[in-house]
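Asker: The structure file upload-v2.cif (mmCIF, C-alpha atoms and all ligand atoms) is provided below.
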```
data_structure
#
loop_
_atom_site.label_atom_id
_atom_site.label_comp_id
_atom_site.auth_asym_id
_atom_site.auth_seq_id
_atom_site.Cartn_x
_atom_site.Cartn_y
_atom_site.Cartn_z
CA MET T 1 -34.26 -16.29 -253.58
CA VAL T 2 -32.17 -13.91 -255.68
CA THR T 3 -35.41 -13.00 -257.47
CA GLY T 4 -36.78 -11.67 -254.19
CA GLY T 5 -33.68 -9.52 -253.79
CA ALA T 6 -34.11 -8.03 -257.24
CA ARG T 7 -37.75 -7.22 -256.60
CA ALA T 8 -36.90 -5.61 -253.24
CA VAL T 9 -34.34 -3.39 -254.99
CA ALA T 10 -36.80 -2.54 -257.76
CA ARG T 11 -39.42 -1.55 -255.22
CA CYS T 12 -36.98 0.62 -253.23
CA ASP T 13 -36.00 2.25 -256.53
CA ALA T 14 -39.65 2.79 -257.45
CA LEU T 15 -40.18 4.53 -254.10
CA GLY T 16 -37.20 6.81 -254.81
CA VAL T 17 -39.03 9.12 -257.23
CA ALA T 18 -42.31 11.08 -257.43
CA PRO T 19 -45.01 10.62 -256.23
CA TYR T 20 -43.08 8.86 -253.43
CA SER T 21 -40.62 11.73 -253.06
CA ASP T 22 -41.38 15.37 -252.35
CA MET T 23 -38.04 16.48 -253.77
CA GLU T 24 -37.31 17.35 -257.38
CA GLY T 25 -34.50 15.16 -258.75
CA GLY T 26 -33.93 13.24 -255.53
CA LEU T 27 -35.55 11.48 -252.61
CA PHE T 28 -37.08 13.21 -249.62
CA ARG T 29 -39.97 11.47 -247.90
CA ALA T 30 -40.71 12.90 -244.48
CA TRP T 31 -43.35 11.61 -242.11
CA LEU T 32 -47.01 12.37 -242.95
CA THR T 33 -46.28 14.23 -246.19
CA PRO T 34 -47.96 13.60 -249.59
CA ALA T 35 -44.98 11.42 -250.60
CA PHE T 36 -45.38 9.43 -247.41
CA ALA T 37 -49.10 8.89 -248.09
CA ALA T 38 -48.29 7.69 -251.61
CA ALA T 39 -45.66 5.28 -250.27
CA HIS T 40 -48.17 3.93 -247.76
CA GLN T 41 -50.54 3.12 -250.57
CA ALA T 42 -47.89 1.30 -252.61
CA VAL T 43 -46.51 -0.69 -249.66
CA ASN T 44 -50.03 -1.54 -248.55
CA GLY T 45 -50.64 -3.11 -251.97
CA TRP T 46 -47.39 -5.10 -251.84
CA MET T 47 -48.17 -6.39 -248.35
CA ALA T 48 -51.65 -7.48 -249.40
CA GLU T 49 -50.30 -9.14 -252.55
CA ALA T 50 -47.83 -11.12 -250.40
CA GLY T 51 -50.70 -12.56 -248.39
CA MET T 52 -50.92 -10.20 -245.43
CA ALA T 53 -53.88 -8.53 -243.72
CA VAL T 54 -52.91 -4.84 -243.67
CA ARG T 55 -53.79 -2.17 -241.12
CA THR T 56 -52.56 1.30 -240.21
CA ASP T 57 -52.15 1.76 -236.46
CA ALA T 58 -52.96 4.88 -234.44
CA ALA T 59 -49.40 6.17 -234.87
CA THR T 60 -49.62 5.81 -238.69
CA ASN T 61 -47.44 2.70 -238.87
CA LEU T 62 -48.39 0.39 -241.72
CA ILE T 63 -48.57 -3.21 -240.50
CA GLY T 64 -49.11 -6.38 -242.53
CA ARG T 65 -49.95 -9.57 -240.63
CA TYR T 66 -49.35 -13.10 -241.86
CA GLU T 67 -51.18 -15.45 -239.52
CA GLY T 68 -49.39 -18.37 -237.94
CA ALA T 69 -50.65 -21.97 -237.80
CA THR T 70 -52.83 -20.90 -234.86
CA PRO T 71 -54.73 -17.65 -235.39
CA GLY T 72 -53.96 -14.94 -232.83
CA ALA T 73 -50.50 -16.29 -231.97
CA PRO T 74 -47.80 -13.79 -230.88
CA ALA T 75 -46.02 -12.22 -233.84
CA LEU T 76 -42.43 -12.02 -234.93
CA LEU T 77 -42.16 -8.36 -235.94
CA ILE T 78 -40.04 -7.59 -238.99
CA GLY T 79 -39.71 -3.90 -239.69
CA SER T 80 -37.92 -0.76 -240.67
CA HIS T 81 -38.86 2.81 -241.57
CA ILE T 82 -40.19 4.31 -244.78
CA ASP T 83 -39.39 7.94 -244.01
CA SER T 84 -36.10 9.39 -245.24
CA VAL T 85 -33.63 12.20 -244.69
CA ASN T 86 -33.46 15.05 -247.19
CA ASP T 87 -31.73 14.01 -250.44
CA ALA T 88 -31.62 10.44 -249.22
CA GLY T 89 -30.50 7.11 -250.56
CA ARG T 90 -33.25 4.66 -251.56
CA TYR T 91 -32.41 1.73 -249.31
CA ASP T 92 -31.99 3.13 -245.80
CA GLY T 93 -35.25 1.96 -244.26
CA PRO T 94 -37.55 0.82 -247.09
CA LEU T 95 -35.21 -2.09 -247.80
CA GLY T 96 -35.98 -3.71 -244.44
CA VAL T 97 -39.71 -3.47 -245.15
CA MET T 98 -39.36 -4.84 -248.69
CA LEU T 99 -37.27 -7.80 -247.51
CA GLY T 100 -39.86 -8.59 -244.84
CA ILE T 101 -42.54 -8.59 -247.54
CA GLU T 102 -40.37 -10.90 -249.72
CA CYS T 103 -40.09 -13.40 -246.86
CA VAL T 104 -43.82 -13.50 -246.32
CA ALA T 105 -44.43 -13.75 -250.07
CA ALA T 106 -42.11 -16.79 -250.21
CA LEU T 107 -43.72 -18.46 -247.18
CA ASN T 108 -47.19 -17.76 -248.55
CA ALA T 109 -46.30 -19.14 -251.98
CA ALA T 110 -45.05 -22.33 -250.29
CA GLY T 111 -48.23 -22.51 -248.19
CA LYS T 112 -46.11 -22.50 -245.04
CA ARG T 113 -47.55 -21.42 -241.68
CA LEU T 114 -45.38 -21.09 -238.59
CA PRO T 115 -46.05 -21.56 -234.88
CA PHE T 116 -46.09 -17.74 -234.65
CA ALA T 117 -47.51 -14.95 -236.80
CA ILE T 118 -45.33 -12.53 -238.76
CA GLU T 119 -46.05 -8.82 -238.80
CA VAL T 120 -44.15 -6.64 -241.26
CA VAL T 121 -44.05 -3.11 -239.88
CA ALA T 122 -43.31 0.02 -241.91
CA PHE T 123 -42.54 2.68 -239.31
CA GLY T 124 -43.44 6.27 -240.17
CA ASP T 125 -40.73 8.22 -238.42
CA GLU T 126 -37.23 7.03 -237.68
CA GLU T 127 -35.14 9.85 -239.11
CA GLY T 128 -36.86 12.83 -237.45
CA SER T 129 -36.57 14.73 -240.72
CA ARG T 130 -39.82 16.68 -240.28
CA PHE T 131 -40.36 17.08 -236.53
CA PRO T 132 -37.45 17.49 -234.09
CA ALA T 133 -37.76 13.99 -232.59
CA THR T 134 -36.67 10.58 -233.86
CA LEU T 135 -38.07 7.04 -233.49
CA SER T 136 -41.55 8.50 -232.86
CA SER T 137 -43.55 5.71 -234.44
CA SER T 138 -41.54 2.76 -233.15
CA SER T 139 -41.77 4.39 -229.72
CA ALA T 140 -45.55 4.28 -230.10
CA CYS T 141 -45.42 0.54 -230.90
CA ALA T 142 -43.18 -0.02 -227.89
CA GLY T 143 -45.48 1.99 -225.63
CA ILE T 144 -42.89 4.68 -224.86
CA PHE T 145 -44.20 7.51 -227.07
CA ARG T 146 -43.86 10.86 -225.30
CA SER T 147 -47.19 12.68 -225.62
CA GLU T 148 -45.47 16.07 -225.18
CA ASN T 149 -43.89 15.45 -228.62
CA LEU T 150 -47.34 16.00 -230.16
CA GLN T 151 -46.76 19.73 -229.72
CA LEU T 152 -43.50 19.72 -231.72
CA ALA T 153 -43.84 21.75 -234.91
CA ASP T 154 -42.28 21.33 -238.35
CA ARG T 155 -40.64 24.17 -240.32
CA ASN T 156 -44.07 25.47 -241.36
CA GLY T 157 -45.43 25.56 -237.82
CA VAL T 158 -47.61 22.45 -238.26
CA THR T 159 -47.64 20.45 -235.05
CA LEU T 160 -47.29 16.67 -234.99
CA ALA T 161 -50.79 16.47 -233.48
CA ASP T 162 -52.23 18.41 -236.44
CA ALA T 163 -50.30 16.31 -238.96
CA ILE T 164 -51.63 13.09 -237.42
CA ARG T 165 -55.18 14.50 -237.50
CA ALA T 166 -54.73 15.51 -241.15
CA TYR T 167 -53.71 11.91 -241.82
CA GLY T 168 -57.08 10.77 -240.47
CA LYS T 169 -55.87 9.50 -237.11
CA SER T 170 -56.41 10.86 -233.63
CA PRO T 171 -53.36 11.77 -231.52
CA ASP T 172 -55.37 10.72 -228.46
CA ASP T 173 -55.39 7.15 -229.76
CA ILE T 174 -51.58 6.80 -229.95
CA PRO T 175 -51.37 4.72 -226.75
CA ALA T 176 -53.48 2.12 -228.61
CA ALA T 177 -50.62 1.62 -231.09
CA ALA T 178 -48.57 -0.05 -228.34
CA TYR T 179 -48.16 -3.81 -228.61
CA ALA T 180 -48.92 -5.79 -225.48
CA ARG T 181 -45.83 -7.68 -224.34
CA ASP T 182 -47.35 -11.06 -225.20
CA GLU T 183 -48.32 -9.97 -228.72
CA ALA T 184 -44.70 -9.45 -229.80
CA ALA T 185 -42.33 -12.43 -229.74
CA ALA T 186 -39.33 -10.41 -230.98
CA TYR T 187 -38.44 -7.57 -233.33
CA VAL T 188 -35.94 -8.04 -236.14
CA GLU T 189 -34.75 -5.63 -238.79
CA VAL T 190 -32.64 -5.97 -241.92
CA HIS T 191 -30.82 -2.76 -242.79
CA ILE T 192 -27.94 -1.66 -244.99
CA GLU T 193 -24.80 -1.42 -242.86
CA GLN T 194 -24.25 2.30 -243.55
CA GLY T 195 -20.58 1.65 -242.92
CA PRO T 196 -17.60 0.01 -244.67
CA VAL T 197 -16.89 -3.06 -242.49
CA LEU T 198 -18.72 -5.79 -244.46
CA GLU T 199 -17.34 -4.55 -247.76
CA ALA T 200 -13.81 -4.50 -246.36
CA ARG T 201 -14.24 -8.06 -245.05
CA LYS T 202 -15.84 -9.18 -248.34
CA GLN T 203 -18.96 -10.46 -246.59
CA PRO T 204 -22.52 -9.84 -247.79
CA LEU T 205 -24.22 -10.07 -244.39
CA GLY T 206 -23.43 -9.21 -240.78
CA VAL T 207 -25.11 -10.09 -237.49
CA VAL T 208 -25.55 -7.03 -235.29
CA THR T 209 -24.44 -7.42 -231.68
CA ALA T 210 -25.77 -4.10 -230.37
CA ILE T 211 -26.91 -0.65 -231.37
CA ILE T 212 -24.14 1.28 -229.83
CA GLY T 213 -24.44 3.84 -227.06
CA GLN T 214 -23.38 7.42 -227.30
CA THR T 215 -22.15 10.21 -225.07
CA TYR T 216 -22.05 13.86 -226.07
CA LEU T 217 -19.60 16.04 -224.16
CA ASN T 218 -19.92 19.79 -224.44
CA VAL T 219 -16.48 21.11 -223.53
CA GLU T 220 -16.04 24.85 -223.08
CA PHE T 221 -12.62 26.44 -222.60
CA LEU T 222 -12.35 30.00 -221.31
CA GLY T 223 -9.13 31.86 -222.04
CA GLU T 224 -8.34 35.49 -222.59
CA ALA T 225 -8.60 37.49 -225.80
CA GLY T 226 -5.52 39.49 -226.71
CA HIS T 227 -3.61 41.02 -229.59
CA ALA T 228 -2.08 38.36 -231.83
CA GLY T 229 0.95 40.58 -232.37
CA THR T 230 1.74 41.92 -228.93
CA VAL T 231 1.00 39.21 -226.33
CA PRO T 232 4.09 36.96 -225.84
CA MET T 233 3.49 33.23 -226.27
CA LEU T 234 4.25 32.38 -222.66
CA LEU T 235 1.69 34.88 -221.34
CA ARG T 236 -1.21 33.67 -223.44
CA ARG T 237 -4.34 31.81 -222.40
CA ASP T 238 -5.40 30.50 -225.79
CA ALA T 239 -8.71 28.62 -225.55
CA LEU T 240 -8.43 27.15 -229.06
CA ALA T 241 -4.94 25.74 -228.53
CA GLY T 242 -6.34 24.05 -225.39
CA ALA T 243 -9.30 22.66 -227.35
CA ALA T 244 -6.96 21.39 -230.08
CA GLU T 245 -4.96 19.48 -227.47
CA ALA T 246 -8.20 18.05 -226.04
CA MET T 247 -9.33 16.90 -229.50
CA LEU T 248 -6.04 15.14 -230.15
CA LEU T 249 -6.30 13.48 -226.74
CA GLY T 250 -9.79 12.20 -227.66
CA GLU T 251 -8.44 10.80 -230.93
CA THR T 252 -5.46 9.14 -229.22
CA LEU T 253 -7.57 7.53 -226.49
CA ALA T 254 -10.11 6.21 -229.02
CA ARG T 255 -7.34 4.81 -231.24
CA GLU T 256 -5.87 3.00 -228.24
CA THR T 257 -9.14 1.05 -227.82
CA LYS T 258 -8.45 -0.64 -231.18
CA GLY T 259 -11.93 -0.09 -232.58
CA GLU T 260 -13.96 -0.50 -229.41
CA VAL T 261 -14.69 3.22 -229.05
CA VAL T 262 -14.91 5.99 -231.66
CA ALA T 263 -14.61 9.65 -230.72
CA THR T 264 -15.30 12.62 -232.97
CA VAL T 265 -15.36 16.39 -232.69
CA GLY T 266 -17.47 17.54 -235.63
CA ARG T 267 -18.22 20.99 -234.46
CA ILE T 268 -16.38 23.76 -232.64
CA ALA T 269 -17.30 27.37 -232.00
CA VAL T 270 -14.51 29.91 -231.57
CA ALA T 271 -14.91 33.42 -230.15
CA PRO T 272 -14.19 36.12 -230.90
CA GLY T 273 -13.13 34.39 -234.14
CA ALA T 274 -10.85 36.98 -235.68
CA THR T 275 -7.51 36.19 -237.35
CA ASN T 276 -5.61 38.71 -235.22
CA VAL T 277 -7.18 37.94 -231.85
CA ILE T 278 -6.14 35.18 -229.43
CA PRO T 279 -9.21 32.90 -229.03
CA ALA T 280 -10.92 33.57 -225.71
CA ASN T 281 -13.74 31.07 -225.75
CA VAL T 282 -14.10 27.72 -227.49
CA VAL T 283 -16.87 25.14 -227.33
CA ALA T 284 -16.01 21.72 -228.74
CA ILE T 285 -18.63 18.96 -228.88
CA PHE T 286 -17.32 15.42 -228.50
CA ASP T 287 -19.42 12.55 -229.88
CA ILE T 288 -18.22 9.31 -228.28
CA ARG T 289 -19.70 5.93 -229.21
CA SER T 290 -19.13 2.29 -228.33
CA GLY T 291 -20.96 -1.02 -228.19
CA SER T 292 -19.46 -1.50 -224.73
CA GLU T 293 -20.93 0.64 -221.97
CA SER T 294 -17.85 0.11 -219.80
CA ALA T 295 -15.36 0.96 -222.57
CA ARG T 296 -17.28 4.12 -223.38
CA ALA T 297 -17.55 5.15 -219.72
CA LYS T 298 -13.83 4.50 -219.20
CA LEU T 299 -12.84 6.60 -222.19
CA VAL T 300 -15.18 9.43 -221.16
CA ASP T 301 -13.68 9.47 -217.64
CA THR T 302 -10.09 9.40 -218.91
CA LEU T 303 -10.82 12.10 -221.48
CA LYS T 304 -12.50 14.37 -218.92
CA ALA T 305 -9.55 14.00 -216.51
CA GLY T 306 -7.10 14.69 -219.33
CA ILE T 307 -9.03 17.77 -220.43
CA ARG T 308 -9.00 19.06 -216.84
CA GLY T 309 -5.23 18.63 -216.84
CA ILE T 310 -4.91 20.53 -220.12
CA ALA T 311 -7.07 23.39 -218.80
CA ASP T 312 -5.06 23.57 -215.54
CA ARG T 313 -1.71 23.61 -217.31
CA ARG T 314 -2.89 26.32 -219.70
CA HIS T 315 -4.70 28.34 -217.01
CA LEU T 316 -7.98 28.06 -218.86
CA GLY T 317 -11.45 28.09 -217.36
CA LEU T 318 -13.37 24.91 -218.11
CA THR T 319 -16.93 23.57 -218.08
CA ILE T 320 -17.86 20.09 -219.24
CA THR T 321 -21.49 19.08 -219.58
CA SER T 322 -23.09 15.99 -221.08
CA PRO T 323 -26.30 17.09 -222.80
CA ARG T 324 -27.11 13.68 -224.23
CA GLU T 325 -26.40 10.12 -223.29
CA VAL T 326 -27.85 7.10 -225.10
CA ALA T 327 -27.35 3.68 -223.57
CA THR T 328 -26.21 0.75 -225.71
CA THR T 329 -29.09 -1.46 -226.88
CA PRO T 330 -27.86 -5.07 -226.98
CA CYS T 331 -29.30 -7.48 -229.54
CA ASP T 332 -30.74 -10.65 -228.02
CA ALA T 333 -28.17 -13.47 -227.87
CA GLN T 334 -30.59 -16.12 -229.19
CA VAL T 335 -31.70 -13.92 -232.05
CA GLN T 336 -28.04 -13.25 -232.93
CA ASP T 337 -27.21 -16.95 -232.88
CA ARG T 338 -30.17 -17.92 -235.08
CA PHE T 339 -29.21 -15.20 -237.58
CA ALA T 340 -25.63 -16.49 -237.50
CA ASP T 341 -26.82 -20.08 -238.11
CA ALA T 342 -28.92 -18.91 -241.05
CA VAL T 343 -26.03 -16.94 -242.59
CA LEU T 344 -23.64 -19.86 -242.13
CA ALA T 345 -26.11 -22.21 -243.82
CA LEU T 346 -25.90 -19.97 -246.90
CA GLY T 347 -22.14 -20.45 -247.02
CA ALA T 348 -21.30 -16.93 -245.83
CA GLU T 349 -19.33 -15.95 -242.74
CA PRO T 350 -21.62 -14.64 -239.99
CA LEU T 351 -19.53 -11.63 -239.13
CA ARG T 352 -20.68 -9.94 -235.91
CA LEU T 353 -20.57 -6.19 -235.65
CA GLY T 354 -22.07 -3.30 -233.70
CA SER T 355 -24.31 -0.67 -235.28
CA GLY T 356 -22.82 2.80 -235.07
CA ALA T 357 -26.07 4.33 -236.31
CA GLY T 358 -29.36 4.52 -234.43
CA HIS T 359 -32.32 2.34 -235.45
CA ASP T 360 -35.96 1.62 -234.54
CA GLY T 361 -34.70 -1.36 -232.54
CA GLN T 362 -33.62 1.07 -229.82
CA ALA T 363 -37.28 1.81 -229.14
CA MET T 364 -38.53 -1.74 -229.82
CA ALA T 365 -36.05 -3.16 -227.28
CA LYS T 366 -38.23 -1.57 -224.59
CA LEU T 367 -40.98 -3.96 -225.74
CA CYS T 368 -39.32 -7.26 -226.64
CA PRO T 369 -36.02 -8.95 -227.60
CA ILE T 370 -34.53 -7.45 -230.77
CA GLY T 371 -32.01 -8.39 -233.43
CA MET T 372 -30.64 -6.95 -236.67
CA LEU T 373 -29.05 -8.23 -239.84
CA PHE T 374 -26.83 -5.90 -241.84
CA VAL T 375 -26.40 -6.02 -245.61
CA ARG T 376 -23.22 -4.79 -247.26
CA CYS T 377 -23.62 -1.42 -249.00
CA ARG T 378 -21.31 0.00 -251.64
CA GLY T 379 -18.49 2.09 -250.20
CA GLY T 380 -20.28 2.15 -246.84
CA ILE T 381 -22.14 5.18 -248.21
CA SER T 382 -25.53 6.14 -246.74
CA HIS T 383 -27.74 9.21 -246.21
CA ASN T 384 -26.66 10.03 -249.74
CA PRO T 385 -28.21 9.42 -253.20
CA MET T 386 -25.12 7.27 -253.98
CA GLU T 387 -26.34 4.63 -251.52
CA TYR T 388 -26.40 1.18 -253.16
CA ALA T 389 -26.80 -2.46 -252.19
CA ASN T 390 -26.60 -5.16 -254.84
CA PRO T 391 -29.56 -7.45 -255.63
CA GLN T 392 -27.44 -10.57 -255.10
CA ASP T 393 -26.66 -9.58 -251.51
CA LEU T 394 -30.31 -8.76 -250.96
CA GLY T 395 -31.32 -12.17 -252.28
CA LEU T 396 -29.00 -13.64 -249.64
CA ALA T 397 -30.60 -11.36 -247.04
CA VAL T 398 -34.07 -12.68 -247.92
CA ALA T 399 -32.74 -16.24 -247.66
CA ALA T 400 -31.07 -15.48 -244.32
CA LEU T 401 -34.24 -13.91 -242.96
CA ILE T 402 -36.26 -16.96 -244.02
CA GLY T 403 -33.56 -19.19 -242.49
CA PHE T 404 -33.88 -17.17 -239.30
CA ILE T 405 -37.68 -17.48 -239.29
CA GLU T 406 -37.42 -21.27 -239.72
CA ARG T 407 -35.01 -21.49 -236.77
CA PHE T 408 -36.77 -18.99 -234.54
CA GLU T 409 -38.16 -20.39 -231.31
CA PRO T 410 -40.01 -17.69 -229.38
CA GLU T 411 -40.28 -19.83 -226.26
CA LYS T 412 -36.48 -19.85 -225.92
CA LEU T 413 -36.31 -16.07 -225.53
CA GLY T 414 -36.23 -14.24 -222.24
ZN ZN T 501 -32.46 3.62 -241.40
#
```
How does this structure look as structure tokens?

Answerer:
Amino acid sequence: MVTGGARAVARCDALGVAPYSDMEGGLFRAWLTPAFAAAHQAVNGWMAEAGMAVRTDAATNLIGRYEGATPGAPALLIGSHIDSVNDAGRYDGPLGVMLGIECVAALNAAGKRLPFAIEVVAFGDEEGSRFPATLSSSSACAGIFRSENLQLADRNGVTLADAIRAYGKSPDDIPAAAYARDEAAAYVEVHIEQGPVLEARKQPLGVVTAIIGQTYLNVEFLGEAGHAGTVPMLLRRDALAGAAEAMLLGETLARETKGEVVATVGRIAVAPGATNVIPANVVAIFDIRSGSESARAKLVDTLKAGIRGIADRRHLGLTITSPREVATTPCDAQVQDRFADAVLALGAEPLRLGSGAGHDGQAMAKLCPIGMLFVRCRGGISHNPMEYANPQDLGLAVAALIGFIERFEPEKLG
């Protein structure tokens, strides 16, 4: 099984350079670019070699099907994305596809057919690194693609509709990419953790409990500009001092949840923004995430009330809006348990953890039950050329995925 891990790594590495990258000296493979087309060709060959019938759907997803014991049976979908961010690591995405191919290759070599089919899906767009939308192609598979997104343009003014046409597909056919509910038994994905938890716990694999939900809060404080030398401290209405207090409150409240909720302010805008002027207007954007909808909602409510108190006490104007809210996507309990059984059978501890990053499973959950298996990555580093997962861990991931497949009983799912 470790051999499969080494080959998966080698293939991800091979896809990390030209012609599979459009970036000199690094990896950048955006949806429907020349690098993407080249990657499609390579992955297509690997899928076919593993014993799959390969097709490209109307939304440009590459799909390899390994028939079950009965032809036409519903499929267990195993997938991830083959697009990347700019200056990416080599494993975020392609790894999940390569490991799916390794599983099928192993089953095929053993002449094993299952009561269900397996379809390995290489999604085209998860990262949204070319058009300003994410999860486009998994949304098409799940039947929730938004046709208005076809008019979105990339940096060169090329619309998504034109890019799909140039790829030899018709945007009008995208609805045909949707799986019927009874064609998909479940969707599972193996992905690098993109965080430090597994490494810290010295575990190679983790069972994902949920792809965690997210609230953005746009908090705007309105104070009064004034001379930094002449206005006495007690007469000031300093919007930035108010925002600073609000940020510390967010940090304190999140820390009190002991890991259940994380809260970040990664961006503030200060006006007028001069060293000798009291800040009059500050916008701070809070990014609040948790695997628990109730814990996140509770923190958001407490934070908003606290921020109102800060603004009142400091005589600041205040507006709070929530431009974006993403619900938590739970992983199916049965799928989690079967993954945990498979990991345990390999002698590892089936650590359960939430995913702080978004994944194609968020779209696929609208179609069928989903589950994810995380693989330890070095230093928790991702979206960075330093990204690395070791072949031994990936060999275990292939074994765990095969163990999952052997234990999977579609009829026991909701
Ligand atoms: Zn990814």

Asker: Between T:Leu413, T:Ala161, T:Leu394, T:Ala363, single out the one closest to Thr134 (chain T), counting all atoms listed in the file.

Answerer: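 Ranked by minimum distance to Thr134 (chain T), first place goes to T:Ala363.
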
Asker: As a PyMOL selection string, please: every protein or nucleic acid residue near ligand ZN 501 (chain T) (cut-off 8 Å, counting all atoms listed in the file).

Answerer: chain T and resi 80-81+84+92-93+126-127+191-192+358-360

Asker: Could you work out how far CA of Gly68 (chain T) lies from CA of Phe116 (chain T), giving the answer in Å with one decimal?

Answerer: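 Interatomic distance here is 4.7 Å.
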
Asker: Distance CA of Ala106 (chain T)-CA of Asp393 (chain T), one decimal place?

Answerer: 17.1 Å

Asker: So how many Å separate CA of Arg289 (chain T) and CA of Ser355 (chain T), to one decimal?

Answerer: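 Spanning CA of Arg289 (chain T) to CA of Ser355 (chain T) is a straight-line distance of 10.1 Å.
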
Asker: Within 10 Å of (-38.8, -3.4, -241.6), only C-alpha atoms: residues as an mmCIF file with C-alpha atoms, keeping the file's coordinate frame?

Answerer:
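Ended up saving to point-v2.cif:
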```
data_model
loop_
_atom_site.group_PDB
_atom_site.id
_atom_site.type_symbol
_atom_site.label_atom_id
_atom_site.label_comp_id
_atom_site.auth_asym_id
_atom_site.auth_seq_id
_atom_site.Cartn_x
_atom_site.Cartn_y
_atom_site.Cartn_z
ATOM 1 C CA ILE T 63 -48.570 -3.210 -240.500
ATOM 2 C CA LEU T 77 -42.160 -8.360 -235.940
ATOM 3 C CA ILE T 78 -40.040 -7.590 -238.990
ATOM 4 C CA GLY T 79 -39.710 -3.900 -239.690
ATOM 5 C CA SER T 80 -37.920 -0.760 -240.670
ATOM 6 C CA HIS T 81 -38.860 2.810 -241.570
ATOM 7 C CA ILE T 82 -40.190 4.310 -244.780
ATOM 8 C CA GLY T 93 -35.250 1.960 -244.260
ATOM 9 C CA PRO T 94 -37.550 0.820 -247.090
ATOM 10 C CA LEU T 95 -35.210 -2.090 -247.800
ATOM 11 C CA GLY T 96 -35.980 -3.710 -244.440
ATOM 12 C CA VAL T 97 -39.710 -3.470 -245.150
ATOM 13 C CA MET T 98 -39.360 -4.840 -248.690
ATOM 14 C CA LEU T 99 -37.270 -7.800 -247.510
ATOM 15 C CA GLY T 100 -39.860 -8.590 -244.840
ATOM 16 C CA ILE T 101 -42.540 -8.590 -247.540
ATOM 17 C CA GLU T 119 -46.050 -8.820 -238.800
ATOM 18 C CA VAL T 120 -44.150 -6.640 -241.260
ATOM 19 C CA VAL T 121 -44.050 -3.110 -239.880
ATOM 20 C CA ALA T 122 -43.310 0.020 -241.910
ATOM 21 C CA PHE T 123 -42.540 2.680 -239.310
ATOM 22 C CA TYR T 187 -38.440 -7.570 -233.330
ATOM 23 C CA VAL T 188 -35.940 -8.040 -236.140
ATOM 24 C CA GLU T 189 -34.750 -5.630 -238.790
ATOM 25 C CA VAL T 190 -32.640 -5.970 -241.920
ATOM 26 C CA HIS T 191 -30.820 -2.760 -242.790
ATOM 27 C CA ASP T 360 -35.960 1.620 -234.540
#
```

Asker: Between T:Arg29, T:Lys112, T:Arg55, T:Arg181, which residue has the minimum interatomic distance to Asp125 (chain T), considering all atoms listed in the file?

Answerer: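 Ranked by minimum distance to Asp125 (chain T), first place goes to T:Arg29.
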
Asker: Please identify all polymer residues lying at most 12 Å from the point (-4.5, 9.3, -222.5) (file coordinates), using only C-alpha atoms, and present the result as a ChimeraX atom specification.

Answerer: /T:245-257,298-307,309-310

Asker: What's around Ala39 (chain T) at 8 Å? Count only C-alpha atoms, leave out sequence neighbours fewer than 3 positions away in its own chain, and write the answer as a PDB file with C-alpha atoms, keeping the file's coordinate frame.

Answerer:
```pdb
ATOM      1  CA  LEU T  15     -40.180   4.530-254.100  1.00  0.00           C
ATOM      2  CA  TYR T  20     -43.080   8.860-253.430  1.00  0.00           C
ATOM      3  CA  ALA T  35     -44.980  11.420-250.600  1.00  0.00           C
ATOM      4  CA  PHE T  36     -45.380   9.430-247.410  1.00  0.00           C
ATOM      5  CA  ALA T  42     -47.890   1.300-252.610  1.00  0.00           C
ATOM      6  CA  VAL T  43     -46.510  -0.690-249.660  1.00  0.00           C
ATOM      7  CA  ILE T  82     -40.190   4.310-244.780  1.00  0.00           C
TER       8      ILE T  82
END
```

Asker: Skip Ala365 (chain T) itself and residues of its chain fewer than 4 positions away, then list as a list in words all residues within 9 Å of it, counting all atoms listed in the file.

Answerer: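 The contact residues come out as Ala142, Ala186, Tyr187, Thr329, Pro330, Cys331, Asp360, Gly361, Pro369 and Ile370 of chain T.
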
Asker: Take the selection from the previous step and output its residues with C-alpha atoms, as an mmCIF file, keeping the file's coordinate frame.

Answerer:
```cif
data_model
loop_
_atom_site.group_PDB
_atom_site.id
_atom_site.type_symbol
_atom_site.label_atom_id
_atom_site.label_comp_id
_atom_site.auth_asym_id
_atom_site.auth_seq_id
_atom_site.Cartn_x
_atom_site.Cartn_y
_atom_site.Cartn_z
ATOM 1 C CA ALA T 142 -43.180 -0.020 -227.890
ATOM 2 C CA ALA T 186 -39.330 -10.410 -230.980
ATOM 3 C CA TYR T 187 -38.440 -7.570 -233.330
ATOM 4 C CA THR T 329 -29.090 -1.460 -226.880
ATOM 5 C CA PRO T 330 -27.860 -5.070 -226.980
ATOM 6 C CA CYS T 331 -29.300 -7.480 -229.540
ATOM 7 C CA ASP T 360 -35.960 1.620 -234.540
ATOM 8 C CA GLY T 361 -34.700 -1.360 -232.540
ATOM 9 C CA PRO T 369 -36.020 -8.950 -227.600
ATOM 10 C CA ILE T 370 -34.530 -7.450 -230.770
#
```

Asker: What's the 10 Å shell around region 267-273 of chain T, counting only C-alpha atoms, without same-chain residues fewer than 6 positions away, as a ChimeraX atom specification?

Answerer: /T:218-222,225,239-240,243,279-287

Asker: Between T:Ala177, T:Ala30, T:Ala58, T:Leu344, which is the closest to Pro132 (chain T) once you count all atoms listed in the file?

Answerer: T:Ala30

Asker: Measuring atom to atom with all atoms listed in the file, identify which of T:Pro34, T:Trp46, T:Tyr91, T:Thr70 is nearest to His383 (chain T).

Answerer: T:Tyr91

Asker: Which of these, T:Ala163, T:Ala69, T:Ala342, T:Leu32, has the shortest distance to Ile402 (chain T) once you count all atoms listed in the file?

Answerer: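 Closest candidate: T:Ala342.
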